[in-house]
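Okay, work-v6.txt now, which holds compact mmCIF, C-alpha atoms and all ligand atoms:
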# COMPACT_ATOMS: atom_id res chain seq x y z
CA MET B 1 -2.09 2.57 -35.34
CA ILE B 2 -4.62 2.87 -32.54
CA THR B 3 -3.17 4.16 -29.28
CA LEU B 4 -4.84 3.91 -25.90
CA HIS B 5 -3.41 4.71 -22.49
CA LEU B 6 -3.91 2.93 -19.23
CA ARG B 7 -3.26 5.06 -16.15
CA PHE B 8 -2.61 3.77 -12.64
CA PRO B 9 -2.73 7.03 -10.65
CA GLU B 10 -1.80 5.61 -7.22
CA GLN B 11 1.27 3.93 -8.66
CA GLU B 12 2.06 7.00 -10.74
CA HIS B 13 2.35 4.69 -13.68
CA SER B 14 0.82 4.68 -17.09
CA HIS B 15 1.55 2.69 -20.20
CA PRO B 16 0.61 2.86 -23.83
CA ILE B 17 -1.45 0.23 -25.61
CA TRP B 18 -0.58 0.06 -29.29
CA LEU B 19 -2.90 -1.82 -31.57
CA SER B 20 -2.06 -2.27 -35.21
CA THR B 21 -2.16 -4.95 -37.90
CA GLY B 22 1.32 -6.38 -38.46
CA LEU B 23 2.69 -4.79 -35.29
CA LEU B 24 4.52 -7.98 -34.31
CA ASP B 25 6.85 -7.45 -37.27
CA ARG B 26 7.64 -4.01 -35.86
CA CYS B 27 7.83 -4.90 -32.17
CA GLY B 28 11.56 -4.20 -31.97
CA ALA B 29 11.10 -0.65 -33.22
CA ALA B 30 8.14 -0.25 -30.87
CA LEU B 31 10.29 -1.16 -27.86
CA ARG B 32 12.89 1.38 -28.94
CA GLU B 33 10.21 4.01 -29.41
CA ALA B 34 9.05 3.33 -25.87
CA GLY B 35 12.59 4.03 -24.69
CA LEU B 36 13.46 0.45 -23.81
CA GLU B 37 17.08 -0.66 -23.92
CA GLY B 38 18.73 -3.82 -22.68
CA ALA B 39 18.84 -7.52 -23.35
CA VAL B 40 15.50 -9.15 -24.13
CA ALA B 41 14.16 -12.44 -22.79
CA LEU B 42 11.37 -13.49 -25.13
CA VAL B 43 9.02 -15.88 -23.32
CA SER B 44 6.24 -17.77 -25.03
CA ASP B 45 4.74 -21.24 -25.14
CA THR B 46 5.79 -23.78 -27.78
CA THR B 47 2.59 -23.37 -29.83
CA VAL B 48 2.83 -19.59 -30.00
CA ALA B 49 6.59 -19.73 -30.56
CA ALA B 50 6.12 -22.03 -33.56
CA ASP B 51 3.54 -19.69 -35.14
CA HIS B 52 4.88 -16.26 -34.21
CA GLY B 53 8.18 -16.52 -32.34
CA ALA B 54 10.43 -16.10 -35.35
CA ARG B 55 8.75 -12.86 -36.44
CA ALA B 56 9.08 -11.37 -32.98
CA ARG B 57 12.70 -12.44 -32.70
CA ARG B 58 13.62 -11.08 -36.13
CA SER B 59 12.08 -7.70 -35.41
CA LEU B 60 13.77 -7.44 -32.02
CA GLU B 61 17.16 -8.37 -33.49
CA GLU B 62 16.75 -5.94 -36.36
CA ALA B 63 16.23 -3.23 -33.74
CA GLY B 64 19.54 -4.26 -32.17
CA PHE B 65 18.28 -6.24 -29.17
CA SER B 66 20.00 -9.43 -28.10
CA VAL B 67 17.31 -12.06 -27.63
CA LEU B 68 17.17 -15.00 -25.24
CA GLU B 69 14.22 -17.18 -26.29
CA ILE B 70 12.43 -19.30 -23.70
CA HIS B 71 9.60 -21.67 -24.64
CA LEU B 72 7.23 -23.14 -22.08
CA PRO B 73 4.75 -26.00 -22.46
CA PRO B 74 1.30 -24.62 -23.38
CA GLY B 75 -1.61 -24.79 -20.97
CA GLU B 76 -2.72 -23.68 -17.52
CA GLY B 77 -0.44 -26.32 -15.96
CA THR B 78 2.50 -24.05 -16.80
CA LYS B 79 1.29 -21.22 -14.54
CA THR B 80 3.07 -22.46 -11.42
CA LEU B 81 5.76 -21.37 -8.97
CA ASP B 82 7.89 -24.24 -10.25
CA THR B 83 7.83 -22.84 -13.77
CA ALA B 84 8.50 -19.37 -12.37
CA ALA B 85 11.53 -20.72 -10.52
CA ALA B 86 12.81 -22.41 -13.67
CA LEU B 87 12.35 -19.13 -15.53
CA TYR B 88 14.29 -17.13 -12.92
CA ARG B 89 17.16 -19.52 -13.36
CA ARG B 90 17.07 -19.36 -17.16
CA LEU B 91 17.16 -15.55 -16.93
CA ALA B 92 20.09 -15.64 -14.53
CA GLN B 93 21.99 -18.19 -16.65
CA GLY B 94 21.25 -16.14 -19.76
CA GLY B 95 22.79 -13.07 -18.17
CA ILE B 96 19.60 -11.03 -17.97
CA GLY B 97 20.31 -8.25 -15.47
CA ARG B 98 18.34 -5.48 -13.81
CA ASP B 99 18.26 -3.58 -17.09
CA GLY B 100 16.88 -6.61 -18.94
CA ILE B 101 13.48 -6.67 -20.62
CA LEU B 102 11.06 -9.55 -20.32
CA VAL B 103 8.79 -9.78 -23.35
CA GLY B 104 5.79 -12.09 -22.92
CA LEU B 105 4.35 -13.35 -26.21
CA GLY B 106 1.28 -15.53 -25.84
CA GLY B 107 -2.06 -16.07 -24.20
CA GLY B 108 -3.10 -15.31 -20.65
CA VAL B 109 -1.06 -18.17 -19.25
CA VAL B 110 2.24 -16.90 -20.67
CA LEU B 111 1.46 -13.27 -19.83
CA ASP B 112 0.35 -13.92 -16.23
CA LEU B 113 3.45 -15.99 -15.59
CA ALA B 114 5.92 -13.79 -17.48
CA GLY B 115 4.50 -10.65 -15.81
CA PHE B 116 4.89 -12.23 -12.38
CA VAL B 117 8.46 -13.26 -13.12
CA ALA B 118 9.23 -9.76 -14.43
CA ALA B 119 7.73 -8.29 -11.24
CA THR B 120 9.92 -10.38 -8.95
CA TYR B 121 13.15 -11.19 -10.80
CA MET B 122 15.79 -8.85 -9.33
CA ARG B 123 12.89 -7.03 -7.62
CA GLY B 124 11.40 -6.09 -10.94
CA ILE B 125 12.59 -5.72 -14.53
CA ALA B 126 10.84 -4.12 -17.50
CA PHE B 127 7.90 -6.12 -18.81
CA VAL B 128 6.41 -5.92 -22.31
CA SER B 129 3.18 -7.72 -23.06
CA ILE B 130 2.27 -9.08 -26.50
CA PRO B 131 -1.03 -11.00 -26.23
CA THR B 132 -1.89 -13.55 -28.93
CA THR B 133 -5.34 -14.81 -27.87
CA LEU B 134 -8.56 -12.83 -28.01
CA LEU B 135 -9.00 -13.36 -24.27
CA ALA B 136 -5.52 -12.09 -23.53
CA MET B 137 -5.96 -9.03 -25.80
CA VAL B 138 -9.22 -7.84 -24.26
CA ASP B 139 -8.84 -9.15 -20.73
CA ALA B 140 -5.71 -10.78 -19.31
CA SER B 141 -3.21 -8.22 -20.63
CA ILE B 142 -5.21 -5.22 -19.41
CA GLY B 143 -5.03 -4.10 -15.80
CA GLY B 144 -1.66 -5.12 -14.43
CA LYS B 145 -2.62 -8.36 -12.72
CA THR B 146 0.04 -11.05 -12.91
CA GLY B 147 0.37 -14.33 -11.09
CA VAL B 148 0.52 -18.08 -10.85
CA ASP B 149 -1.72 -20.85 -9.56
CA LEU B 150 -1.31 -23.03 -6.50
CA PRO B 151 -2.71 -26.55 -6.12
CA GLU B 152 -5.16 -24.89 -3.69
CA GLY B 153 -6.56 -22.51 -6.28
CA LYS B 154 -6.03 -20.38 -9.35
CA ASN B 155 -4.14 -17.08 -9.27
CA LEU B 156 -3.42 -17.29 -5.54
CA VAL B 157 0.08 -15.82 -5.83
CA GLY B 158 0.76 -12.69 -7.81
CA ALA B 159 1.48 -9.01 -8.08
CA PHE B 160 0.06 -5.90 -9.65
CA TYR B 161 2.73 -5.20 -12.22
CA PRO B 162 1.64 -3.34 -15.34
CA PRO B 163 3.80 -3.67 -18.44
CA ARG B 164 5.86 -0.80 -19.80
CA LEU B 165 4.26 -1.42 -23.16
CA LEU B 166 1.35 -3.46 -24.47
CA LEU B 167 1.48 -4.41 -28.15
CA ILE B 168 -1.52 -5.93 -29.89
CA ASP B 169 -1.28 -7.35 -33.39
CA PRO B 170 -4.66 -8.74 -34.55
CA MET B 171 -2.82 -10.73 -37.25
CA THR B 172 -1.54 -13.10 -34.59
CA LEU B 173 -5.15 -14.24 -34.07
CA ARG B 174 -5.21 -15.84 -37.52
CA THR B 175 -3.70 -19.03 -36.12
CA LEU B 176 -6.00 -19.11 -33.09
CA PRO B 177 -8.21 -22.23 -32.91
CA PRO B 178 -11.91 -21.35 -33.43
CA ALA B 179 -12.83 -22.59 -29.95
CA GLU B 180 -10.35 -20.12 -28.43
CA TRP B 181 -11.93 -17.31 -30.47
CA ARG B 182 -15.39 -18.15 -29.11
CA ASN B 183 -14.03 -18.36 -25.58
CA GLY B 184 -12.62 -14.89 -25.86
CA MET B 185 -15.90 -13.67 -27.31
CA ALA B 186 -17.62 -14.51 -24.00
CA GLU B 187 -15.46 -11.83 -22.36
CA VAL B 188 -16.13 -9.42 -25.24
CA VAL B 189 -19.90 -9.87 -24.80
CA LYS B 190 -19.34 -9.27 -21.09
CA ALA B 191 -17.45 -6.05 -21.87
CA ALA B 192 -20.27 -4.87 -24.13
CA LEU B 193 -22.85 -5.46 -21.37
CA ILE B 194 -20.68 -3.70 -18.80
CA GLY B 195 -19.84 -0.62 -20.76
CA ASP B 196 -20.54 -0.46 -24.48
CA PRO B 197 -24.26 -0.49 -25.40
CA ALA B 198 -23.44 0.30 -29.04
CA LEU B 199 -21.28 -2.82 -29.30
CA TRP B 200 -24.07 -4.76 -27.63
CA GLN B 201 -26.50 -3.51 -30.31
CA GLN B 202 -24.06 -4.65 -32.96
CA PHE B 203 -23.99 -8.17 -31.51
CA GLN B 204 -27.74 -8.25 -31.30
CA ARG B 205 -28.21 -7.30 -34.94
CA ASP B 206 -26.26 -10.25 -36.30
CA PRO B 207 -24.84 -12.55 -33.61
CA ALA B 208 -23.77 -15.38 -35.95
CA ARG B 209 -21.32 -13.02 -37.64
CA TRP B 210 -19.19 -13.14 -34.49
CA ALA B 211 -18.95 -16.94 -34.20
CA ALA B 212 -15.79 -16.80 -36.29
CA MET B 213 -13.11 -14.15 -36.36
CA PRO B 214 -13.79 -11.24 -38.69
CA GLU B 215 -10.92 -9.57 -40.51
CA GLY B 216 -9.88 -5.96 -40.98
CA GLU B 217 -11.82 -3.04 -39.61
CA PRO B 218 -14.55 -5.00 -37.75
CA LEU B 219 -11.88 -6.94 -35.86
CA LEU B 220 -9.92 -3.79 -34.98
CA ASP B 221 -13.14 -2.10 -33.86
CA LEU B 222 -14.15 -5.08 -31.72
CA LEU B 223 -10.76 -5.19 -30.00
CA THR B 224 -10.57 -1.44 -29.45
CA ARG B 225 -14.03 -1.26 -27.92
CA ALA B 226 -13.63 -4.24 -25.61
CA ILE B 227 -10.21 -3.01 -24.47
CA ALA B 228 -11.58 0.50 -23.86
CA VAL B 229 -14.26 -0.88 -21.53
CA LYS B 230 -11.71 -2.73 -19.44
CA VAL B 231 -9.32 0.26 -19.40
CA ARG B 232 -12.12 2.52 -18.12
CA VAL B 233 -13.08 0.13 -15.34
CA VAL B 234 -9.49 -0.56 -14.28
CA GLU B 235 -8.64 3.15 -14.14
CA GLN B 236 -11.44 3.72 -11.63
CA ASP B 237 -10.07 1.03 -9.34
CA PRO B 238 -6.53 0.07 -10.34
CA LEU B 239 -5.70 -2.10 -7.32
CA GLU B 240 -9.18 -3.57 -6.88
CA THR B 241 -9.57 -1.90 -3.50
CA ARG B 242 -12.58 0.31 -4.14
CA GLY B 243 -15.00 -2.16 -5.69
CA GLU B 244 -15.52 -0.64 -9.15
CA ARG B 245 -13.29 -3.26 -10.70
CA GLU B 246 -15.57 -5.97 -9.41
CA VAL B 247 -18.08 -5.36 -12.20
CA LEU B 248 -15.61 -7.19 -14.46
CA ASN B 249 -16.81 -10.33 -12.68
CA LEU B 250 -20.15 -10.24 -14.46
CA GLY B 251 -21.15 -13.88 -15.02
CA HIS B 252 -18.10 -15.05 -13.09
CA THR B 253 -19.63 -15.93 -9.68
CA PHE B 254 -21.85 -18.45 -11.45
CA GLY B 255 -19.15 -19.20 -14.03
CA HIS B 256 -16.47 -20.06 -11.47
CA ALA B 257 -18.95 -22.31 -9.66
CA PHE B 258 -19.68 -24.15 -12.93
CA GLU B 259 -15.95 -24.57 -13.52
CA ARG B 260 -15.49 -25.88 -9.99
CA VAL B 261 -18.34 -28.44 -10.07
CA SER B 262 -16.96 -29.72 -13.38
CA GLY B 263 -13.52 -30.21 -11.86
CA TYR B 264 -12.25 -27.53 -14.28
CA ARG B 265 -13.10 -29.64 -17.30
CA VAL B 266 -15.04 -26.86 -19.05
CA PRO B 267 -13.49 -23.88 -20.85
CA HIS B 268 -13.60 -20.63 -18.90
CA GLY B 269 -15.30 -18.66 -21.69
CA GLU B 270 -18.13 -21.18 -21.91
CA ALA B 271 -18.59 -21.03 -18.15
CA VAL B 272 -18.77 -17.23 -18.28
CA ALA B 273 -21.37 -17.39 -21.07
CA ALA B 274 -23.65 -19.71 -19.09
CA GLY B 275 -22.85 -17.64 -15.99
CA MET B 276 -24.04 -14.43 -17.65
CA VAL B 277 -27.35 -16.09 -18.53
CA ALA B 278 -27.82 -17.07 -14.88
CA ALA B 279 -26.78 -13.58 -13.76
CA ALA B 280 -29.35 -12.02 -16.07
CA ALA B 281 -32.05 -14.29 -14.62
CA LEU B 282 -30.96 -13.34 -11.11
CA SER B 283 -31.07 -9.65 -12.01
CA ALA B 284 -34.65 -10.13 -13.20
CA ARG B 285 -35.61 -12.07 -10.05
CA LEU B 286 -34.24 -9.30 -7.86
CA GLY B 287 -36.30 -6.77 -9.78
CA LEU B 288 -33.21 -4.88 -10.90
CA LEU B 289 -33.42 -5.51 -14.62
CA GLU B 290 -34.80 -2.49 -16.46
CA ASP B 291 -34.56 -4.05 -19.90
CA VAL B 292 -36.94 -7.00 -19.53
CA ASP B 293 -36.05 -8.47 -22.94
CA LEU B 294 -32.36 -8.64 -22.10
CA PRO B 295 -32.22 -12.28 -20.91
CA HIS B 296 -33.79 -13.38 -24.17
CA HIS B 297 -31.48 -11.18 -26.26
CA LEU B 298 -28.44 -12.38 -24.35
CA GLU B 299 -29.27 -16.01 -25.11
CA ARG B 300 -29.74 -15.23 -28.79
CA VAL B 301 -26.38 -13.46 -28.96
CA LEU B 302 -24.56 -16.31 -27.20
CA GLU B 303 -26.28 -18.95 -29.33
CA GLY B 304 -25.27 -17.04 -32.46
CA ILE B 305 -21.65 -17.05 -31.32
CA ARG B 306 -22.06 -20.75 -30.46
CA LEU B 307 -21.49 -20.31 -26.77
CA PRO B 308 -23.59 -22.16 -24.18
CA THR B 309 -26.57 -20.60 -22.43
CA ARG B 310 -28.33 -23.15 -20.21
CA TRP B 311 -25.85 -24.36 -17.63
CA ARG B 312 -27.12 -27.82 -16.72
CA ALA B 313 -27.73 -28.92 -20.29
CA TRP B 314 -24.28 -27.59 -21.21
CA LEU B 315 -22.49 -29.32 -18.31
CA ALA B 316 -24.19 -32.58 -19.34
CA ARG B 317 -22.32 -32.37 -22.64
CA TYR B 318 -19.11 -32.72 -20.60
CA GLY B 319 -20.58 -35.66 -18.68
CA VAL B 320 -21.05 -33.49 -15.60
CA ASP B 321 -24.24 -33.34 -13.58
CA ALA B 322 -24.74 -30.88 -10.76
CA THR B 323 -27.76 -29.64 -8.87
CA PRO B 324 -28.42 -25.97 -8.15
CA GLU B 325 -27.56 -26.74 -4.51
CA GLN B 326 -24.16 -28.05 -5.56
CA VAL B 327 -23.51 -25.00 -7.72
CA ILE B 328 -24.37 -22.68 -4.84
CA ALA B 329 -22.17 -24.71 -2.49
CA ALA B 330 -19.32 -24.32 -5.00
CA MET B 331 -19.70 -20.54 -4.75
CA GLY B 332 -18.92 -20.75 -1.05
CA THR B 333 -15.23 -21.15 -1.70
CA ASP B 334 -14.95 -18.31 -4.18
CA LYS B 335 -12.10 -16.08 -3.16
CA LYS B 336 -14.13 -13.03 -4.25
CA ARG B 337 -16.54 -13.65 -1.37
CA ARG B 338 -16.39 -11.00 1.33
CA GLY B 339 -17.94 -10.99 4.78
CA GLY B 340 -19.62 -14.35 4.27
CA ARG B 341 -22.28 -13.12 1.85
CA LEU B 342 -22.40 -13.88 -1.82
CA ARG B 343 -21.85 -10.96 -4.13
CA PHE B 344 -23.12 -10.89 -7.65
CA VAL B 345 -22.72 -8.49 -10.50
CA VAL B 346 -26.23 -7.70 -11.67
CA ILE B 347 -27.39 -6.14 -14.91
CA GLN B 348 -29.75 -3.20 -15.02
CA ARG B 349 -29.47 -2.61 -18.75
CA PRO B 350 -26.65 -2.88 -21.30
CA GLY B 351 -24.01 -0.39 -20.12
CA ALA B 352 -25.30 -0.37 -16.54
CA VAL B 353 -24.20 -3.17 -14.22
CA ARG B 354 -23.42 -3.11 -10.51
CA VAL B 355 -22.40 -5.23 -7.57
CA TYR B 356 -25.26 -6.56 -5.47
CA ARG B 357 -24.39 -7.79 -2.01
CA ASP B 358 -27.51 -9.32 -0.64
CA ALA B 359 -28.93 -11.91 -2.98
CA SER B 360 -30.99 -14.41 -0.99
CA TYR B 361 -30.35 -18.12 -1.33
CA GLU B 362 -33.84 -18.53 -2.80
CA ALA B 363 -33.29 -15.93 -5.52
CA VAL B 364 -30.00 -17.53 -6.56
CA TYR B 365 -31.56 -20.98 -6.46
CA GLN B 366 -34.49 -19.90 -8.62
CA ALA B 367 -32.24 -18.16 -11.13
CA LEU B 368 -30.31 -21.42 -11.47
CA GLU B 369 -33.50 -23.50 -11.76
CA GLU B 370 -34.82 -21.20 -14.45
CA THR B 371 -31.66 -21.33 -16.57
CA ALA B 372 -30.76 -25.01 -16.13
CA HIS B 373 -32.35 -26.39 -19.31
CA PRO B 374 -33.74 -24.93 -22.53
N1 LIG Z 1 -4.32 -11.15 -15.51
C1 LIG Z 1 -5.60 -11.03 -15.72
O1 LIG Z 1 -6.20 -10.00 -15.43
C2 LIG Z 1 -6.34 -12.19 -16.33
C3 LIG Z 1 -7.65 -12.00 -16.81
C4 LIG Z 1 -8.29 -13.07 -17.42
C5 LIG Z 1 -7.64 -14.29 -17.53
N2 LIG Z 1 -6.39 -14.44 -17.06
C6 LIG Z 1 -5.68 -15.72 -17.17
O2 LIG Z 1 -5.49 -16.01 -18.55
C7 LIG Z 1 -5.35 -17.42 -18.71
C8 LIG Z 1 -6.17 -17.84 -19.91
O3 LIG Z 1 -5.68 -17.18 -21.04
P1 LIG Z 1 -5.88 -17.74 -22.52
O4 LIG Z 1 -7.30 -18.08 -22.71
O5 LIG Z 1 -5.21 -16.78 -23.43
O6 LIG Z 1 -5.14 -19.16 -22.43
P2 LIG Z 1 -3.73 -19.70 -22.94
O7 LIG Z 1 -2.65 -18.75 -22.68
O8 LIG Z 1 -3.61 -21.04 -22.33
O9 LIG Z 1 -3.94 -19.84 -24.50
C9 LIG Z 1 -4.89 -20.76 -24.98
C10 LIG Z 1 -4.26 -21.72 -26.00
O10 LIG Z 1 -4.08 -21.04 -27.24
C11 LIG Z 1 -2.75 -21.18 -27.70
N3 LIG Z 1 -2.43 -19.96 -28.44
C12 LIG Z 1 -2.22 -18.74 -27.93
N4 LIG Z 1 -2.11 -17.84 -28.90
C13 LIG Z 1 -2.26 -18.51 -30.07
C14 LIG Z 1 -2.27 -18.13 -31.43
N5 LIG Z 1 -2.17 -16.85 -31.78
N6 LIG Z 1 -2.44 -19.09 -32.36
C15 LIG Z 1 -2.60 -20.39 -32.00
N7 LIG Z 1 -2.63 -20.80 -30.74
C16 LIG Z 1 -2.46 -19.87 -29.78
C17 LIG Z 1 -1.92 -21.44 -26.47
O11 LIG Z 1 -0.76 -22.15 -26.79
C18 LIG Z 1 -2.88 -22.24 -25.61
O12 LIG Z 1 -2.82 -23.59 -25.96
C19 LIG Z 1 -5.80 -18.05 -17.41
O13 LIG Z 1 -4.68 -18.52 -16.73
C20 LIG Z 1 -6.43 -16.90 -16.64
O14 LIG Z 1 -6.29 -17.01 -15.24
C21 LIG Z 1 -5.73 -13.41 -16.46
ZN ZN Z 2 -13.08 -14.35 -17.27
Write out the structure in this file as structure tokens.
Amino acid sequence: MITLHLRFPEQEHSHPIWLSTGLLDRCGAALREAGLEGAVALVSDTTVAADHGARARRSLEEAGFSVLEIHLPPGEGTKTLDTAAALYRRLAQGGIGRDGILVGLGGGVVLDLAGFVAATYMRGIAFVSIPTTLLAMVDASIGGKTGVDLPEGKNLVGAFYPPRLLLIDPMTLRTLPPAEWRNGMAEVVKAALIGDPALWQQFQRDPARWAAMPEGEPLLDLLTRAIAVKVRVVEQDPLETRGEREVLNLGHTFGHAFERVSGYRVPHGEAVAAGMVAAAALSARLGLLEDVDLPHHLERVLEGIRLPTRWRAWLARYGVDATPEQVIAAMGTDKKRRGGRLRFVVIQRPGAVRVYRDASYEAVYQALEETAHP
């Protein structure tokens, strides 16, 4: 068992992260060990429930918990206030009280929604997070952000509400579709660039090895390292008020713009991959890149994993065409924008990234031109 801790000093809260193969079959005991008592509402989507719900339920019941199972339709469309409202009512009808425990089992959609419902139902009940996608394990479940989407934009309503316990069982990834693995890998590559140069070296040595999920020790090592990077960043800036946490947006200013111009037809991980390539080109343009070979290496790594690199050629595969001007215009509505100027996370070298506040229109335009086509 690998144990990490995530501390939120201002909130005087900290929670363990337990990572172990087969942990789902022991989740009931894990909740007891964490001192949790009360009725459990086990929330997942229908896909995850079919693959893993029974194991979670059995373990919880063996540990003496009563379990109310709730299955939601899979997909981003579920992350709404309407679904949250339906969930509140199911909890109330199922007799879940203030001492109840909401266990979220699933990807980022289930966890964001379940965490938000746990934060607000009866002004907050215990939340336990069990991520089942690579993206949720290394990103969505770490850092206490919960929330739902509005028609006006993603994640516009939410709360900082860290779980009492975060349980990660790599075995649950065995049923994950390969495309979802690669999507999550975009965030893992991002984590390596932000804060783990040794992991970055590992990717560079043999990128194709990471196109499909490895088993055993390499998988555990990958997860532990990527999680550790996010934990370190979040602990410096738990409520995203000081700016340190913003480095997690590496590749995301471009990536969100690509998603937007496509009408959200492209997977997030692919957008982040192409976005990191553009961000590396921008870093070079601004004269901030110390490792001049990095853009080339980054493309090789992403190609090996079978993630996109050149944004315009990649968007064309989805039948989308956009000009650099349109991409830049799409950045104008990014909620991360502050004070009217565009902020980018730039790369100096693997392990050293920072927020840059003053990129000129020309520099951004040229970075996009340069990385449009192979
Ligand atoms: N809270 C945060 O800090 C944070 C960070 C990043 C992303 N997010 C959010 O996470 C969401 C994306 O998460 P995601 O990529 O996990 O998407 P997801 O939850 O939609 O899962 C992707 C798909 O995989 C399926 N699935 C999940 N686990 C599976 C398994 N083990 N086997 C087979 N199929 C499985 C799901 O049913 C779904 O169809 C977005 O809503 C995003 O906003 C939140
Ligand atoms: Zn992301």
Kindly indicate which residue among B:Gly75, B:Ala316, B:Gly269, B:Glu69 lies nearest to Leu91 of chain B, using all atoms listed in the file for the distances.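 Checking each candidate against Leu91 of chain B, we get B:Glu69 as the closest.
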What residues of the protein or nucleic acid chains come within 7 Å of ligand ZN 2 (chain Z) when you use all atoms listed in the file? Reply as a ChimeraX atom specification. /B:187,252,268-269,272
Atom CA of Pro73 of chain B to atom CA of Ile96 of chain B measures 21.6 Å
Protein and nucleic residues near ligand LIG 1 (chain Z), 7 Å, all atoms listed in the file, as a ChimeraX atom specification: /B:45-48,51,74-76,79,106-110,112,132-136,139-146,154-155,172-177,180,184
Restricting the calculation to only C-alpha atoms: of B:Asn183, B:Ser66, B:Ser14, B:Ser360, which residue gets closest to Ile328 of chain B?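 Result for the nearest residue to Ile328 of chain B: B:Ser360.
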Length of the atom CA of Leu105 of chain B to atom CA of Leu42 of chain B vector [Å]: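 So the two atoms, atom CA of Leu105 of chain B and atom CA of Leu42 of chain B, lie 7.1 Å apart.
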